[in-house]
>>> print(open('final_1.cif').read())   # mmCIF, C-alpha atoms, pLDDT in the B column; chains and numbers go by the auth columns
data_input
loop_
_atom_site.group_PDB
_atom_site.id
_atom_site.type_symbol
_atom_site.label_atom_id
_atom_site.label_comp_id
_atom_site.label_asym_id
_atom_site.label_seq_id
_atom_site.Cartn_x
_atom_site.Cartn_y
_atom_site.Cartn_z
_atom_site.B_iso_or_equiv
_atom_site.auth_seq_id
_atom_site.auth_asym_id
ATOM 1 C CA ASP A 1 17.607 -96.288 -21.659 50.00 1 T
ATOM 2 C CA PHE A 2 15.317 -99.296 -21.380 48.00 2 T
ATOM 3 C CA PHE A 3 12.910 -100.191 -24.172 54.00 3 T
ATOM 4 C CA SER A 4 10.134 -102.465 -22.982 54.00 4 T
ATOM 5 C CA THR A 5 8.331 -102.888 -26.296 54.00 5 T
ATOM 6 C CA ALA A 6 10.857 -102.238 -29.079 56.00 6 T
ATOM 7 C CA THR A 7 9.803 -104.001 -32.264 54.00 7 T
ATOM 8 C CA SER A 8 11.867 -104.186 -35.438 54.00 8 T
ATOM 9 C CA ASN A 9 10.161 -102.394 -38.344 57.00 9 T
ATOM 10 C CA ASP A 10 7.827 -100.592 -35.900 67.00 10 T
ATOM 11 C CA ASP A 11 10.461 -98.789 -33.837 79.00 11 T
ATOM 12 C CA SER A 12 13.754 -97.215 -34.809 90.00 12 T
ATOM 13 C CA PHE A 13 16.913 -95.762 -33.344 92.00 13 T
ATOM 14 C CA TRP A 14 17.983 -92.268 -34.430 94.00 14 T
ATOM 15 C CA PHE A 15 21.497 -90.962 -33.836 94.00 15 T
ATOM 16 C CA ALA A 16 22.972 -87.517 -34.523 95.00 16 T
ATOM 17 C CA GLY A 17 25.623 -87.989 -37.185 93.00 17 T
ATOM 18 C CA THR A 18 27.851 -85.254 -35.788 92.00 18 T
ATOM 19 C CA ALA A 19 27.857 -86.825 -32.320 92.00 19 T
ATOM 20 C CA PHE A 20 28.772 -90.283 -33.623 90.00 20 T
ATOM 21 C CA GLY A 21 31.159 -89.346 -36.438 89.00 21 T
ATOM 22 C CA PHE A 22 28.882 -90.134 -39.385 91.00 22 T
ATOM 23 C CA ALA A 23 29.235 -87.918 -42.459 90.00 23 T
ATOM 24 C CA THR A 24 26.007 -89.010 -44.159 91.00 24 T
ATOM 25 C CA THR A 25 22.395 -89.072 -43.032 95.00 25 T
ATOM 26 C CA GLY A 26 19.576 -91.531 -43.614 96.00 26 T
ATOM 27 C CA GLN A 27 19.361 -95.244 -42.992 95.00 27 T
ATOM 28 C CA MET A 28 22.559 -96.614 -41.490 95.00 28 T
ATOM 29 C CA ASP A 29 24.771 -98.906 -43.581 94.00 29 T
ATOM 30 C CA ALA A 30 24.232 -102.559 -42.637 95.00 30 T
ATOM 31 C CA ASN A 31 27.971 -103.158 -42.106 95.00 31 T
ATOM 32 C CA LEU A 32 27.931 -100.752 -39.135 95.00 32 T
ATOM 33 C CA LEU A 33 25.755 -103.109 -37.034 97.00 33 T
ATOM 34 C CA GLU A 34 26.688 -106.511 -35.673 97.00 34 T
ATOM 35 C CA CYS A 35 24.257 -108.783 -33.868 96.00 35 T
ATOM 36 C CA ASN A 36 25.794 -111.524 -31.770 96.00 36 T
ATOM 37 C CA ASP A 37 25.596 -113.075 -28.307 95.00 37 T
ATOM 38 C CA ALA A 38 29.060 -111.889 -27.267 94.00 38 T
ATOM 39 C CA GLY A 39 28.256 -108.179 -27.351 94.00 39 T
ATOM 40 C CA ALA A 40 31.535 -107.425 -29.084 96.00 40 T
ATOM 41 C CA ALA A 41 32.473 -106.004 -32.477 97.00 41 T
ATOM 42 C CA THR A 42 34.490 -108.340 -34.673 96.00 42 T
ATOM 43 C CA THR A 43 35.341 -105.846 -37.442 96.00 43 T
ATOM 44 C CA GLU A 44 36.799 -102.347 -37.491 95.00 44 T
ATOM 45 C CA LEU A 45 33.744 -101.092 -39.422 95.00 45 T
ATOM 46 C CA THR A 46 31.221 -102.029 -36.732 96.00 46 T
ATOM 47 C CA ARG A 47 29.871 -99.115 -34.694 96.00 47 T
ATOM 48 C CA PHE A 48 26.810 -100.650 -33.052 97.00 48 T
ATOM 49 C CA VAL A 49 26.567 -104.105 -31.509 97.00 49 T
ATOM 50 C CA TYR A 50 23.372 -105.785 -30.407 96.00 50 T
ATOM 51 C CA ASP A 51 24.044 -108.452 -27.788 96.00 51 T
ATOM 52 C CA GLY A 52 21.084 -110.779 -28.349 93.00 52 T
ATOM 53 C CA ASP A 53 21.934 -112.850 -25.292 93.00 53 T
ATOM 54 C CA ASP A 54 21.632 -109.920 -22.880 94.00 54 T
ATOM 55 C CA GLU A 55 19.408 -107.696 -25.116 93.00 55 T
ATOM 56 C CA ILE A 56 21.894 -104.813 -24.886 94.00 56 T
ATOM 57 C CA LEU A 57 22.650 -102.289 -27.624 95.00 57 T
ATOM 58 C CA LEU A 58 26.200 -100.963 -27.509 96.00 58 T
ATOM 59 C CA TYR A 59 28.083 -98.214 -29.358 96.00 59 T
ATOM 60 C CA ASP A 60 31.703 -98.971 -30.230 97.00 60 T
ATOM 61 C CA GLN A 61 33.612 -95.981 -31.596 95.00 61 T
ATOM 62 C CA ASP A 62 36.412 -98.067 -33.111 96.00 62 T
ATOM 63 C CA GLY A 63 34.778 -101.415 -33.828 96.00 63 T
ATOM 64 C CA SER A 64 37.135 -104.235 -32.968 95.00 64 T
ATOM 65 C CA GLY A 65 39.818 -101.785 -31.747 94.00 65 T
ATOM 66 C CA THR A 66 40.911 -101.166 -28.166 95.00 66 T
ATOM 67 C CA ALA A 67 38.265 -98.620 -27.091 94.00 67 T
ATOM 68 C CA ALA A 68 35.561 -100.043 -24.843 94.00 68 T
ATOM 69 C CA ALA A 69 31.984 -100.228 -26.130 96.00 69 T
ATOM 70 C CA ILE A 70 29.358 -98.089 -24.384 95.00 70 T
ATOM 71 C CA ILE A 71 25.927 -99.431 -23.417 95.00 71 T
ATOM 72 C CA MET A 72 23.252 -97.381 -25.172 93.00 72 T
ATOM 73 C CA ALA A 73 20.066 -99.271 -24.327 91.00 73 T
ATOM 74 C CA LYS A 74 18.599 -102.395 -22.760 90.00 74 T
ATOM 75 C CA LEU A 75 15.823 -103.958 -24.805 90.00 75 T
ATOM 76 C CA GLN A 76 13.143 -106.397 -23.762 87.00 76 T
ATOM 77 C CA ASP A 77 13.633 -110.160 -23.855 87.00 77 T
ATOM 78 C CA GLY A 78 13.381 -111.552 -27.370 87.00 78 T
ATOM 79 C CA ALA A 79 13.929 -108.206 -29.117 88.00 79 T
ATOM 80 C CA VAL A 80 15.090 -108.395 -32.721 88.00 80 T
ATOM 81 C CA VAL A 81 17.282 -105.615 -34.112 90.00 81 T
ATOM 82 C CA THR A 82 18.282 -105.091 -37.751 92.00 82 T
ATOM 83 C CA ALA A 83 20.301 -102.415 -39.534 93.00 83 T
ATOM 84 C CA GLY A 84 17.016 -101.208 -41.035 93.00 84 T
ATOM 85 C CA ASP A 85 16.051 -99.971 -37.560 93.00 85 T
ATOM 86 C CA PHE A 86 18.936 -97.443 -37.441 95.00 86 T
ATOM 87 C CA PHE A 87 18.953 -93.928 -38.877 96.00 87 T
ATOM 88 C CA ILE A 88 21.451 -91.091 -38.833 95.00 88 T
ATOM 89 C CA TYR A 89 20.285 -87.474 -38.878 95.00 89 T
#
>>> encode(input="final_1.cif", output="structure tokens")
Amino acid sequence: DFFSTATSNDDSFWFAGTAFGFATTGQMDANLLECNDAGAATTELTRFVYDGDDEILLYDQDGSGTAAAIIMAKLQDGAVVTAGDFFIY
């Protein structure tokens, strides 16, 4: 997906907990999101990575493990993403 006008605090990302292995619902824990310019998870806890350099949101099922991250969305230039923008239902 491509988001041309995603704005932190105005827009949000919603993911089905059963599809992504989350047992709880509500706002996502902050330690599950990493924002960096490398587009790679650096901890085993990370599940979502926002590559600020390329404006790409990725899902990584095992964080810094061996499984490849999957591109979920391309955001517009200058987009800002925070853990407060993510919800599990």
>>> resolve_selection(input="final_1.cif", expression="the PyMOL selection byres ((chain T and resi 88) around 7)", output="PyMOL selection string")
chain T and resi 14-17+25-28+86-87+89
>>> closest_residue(input="final_1.cif", among="T:Ala83, T:Ile71, T:Ala19, T:Ala30", to="Glu55 of chain T", atoms="all atoms listed in the file")
T:Ile71
>>> atom_distance(input="final_1.cif", atom1="atom CA of Leu57 of chain T", atom2="atom CA of Phe22 of chain T")
18.0 Å
>>> residues_near_point(input="final_1.cif", point="(27.1, -105.7, -40.1)", cutoff="9 Å", atoms="all atoms listed in the file", output="number ranges by chain")
T: 29-35, 43, 45-49, 83
>>> atom_distance(input="final_1.cif", atom1="atom CA of Lys74 of chain T", atom2="atom CA of Thr24 of chain T")
26.3 Å
>>> residues_around(input="final_1.cif", residues="Gly52 of chain T", least_positions_apart="3", cutoff="12 Å", atoms="all atoms listed in the file", output="list of chain:residue names")
T:Glu34, T:Cys35, T:Asn36, T:Asp37, T:Ala38, T:Gly39, T:Ala40, T:Val49, T:Glu55, T:Ile56, T:Leu57, T:Leu58, T:Lys74, T:Leu75, T:Gln76, T:Asp77, T:Gly78, T:Ala79, T:Val80, T:Val81, T:Thr82
>>> atom_distance(input="final_1.cif", atom1="atom CA of Gly65 of chain T", atom2="atom CA of Ser12 of chain T")
26.6 Å
>>> residues_around(input="final_1.cif", residues="Glu44 of chain T", least_positions_apart="5", cutoff="8 Å", atoms="all atoms listed in the file", output="PyMOL selection string")
chain T and resi 62-65
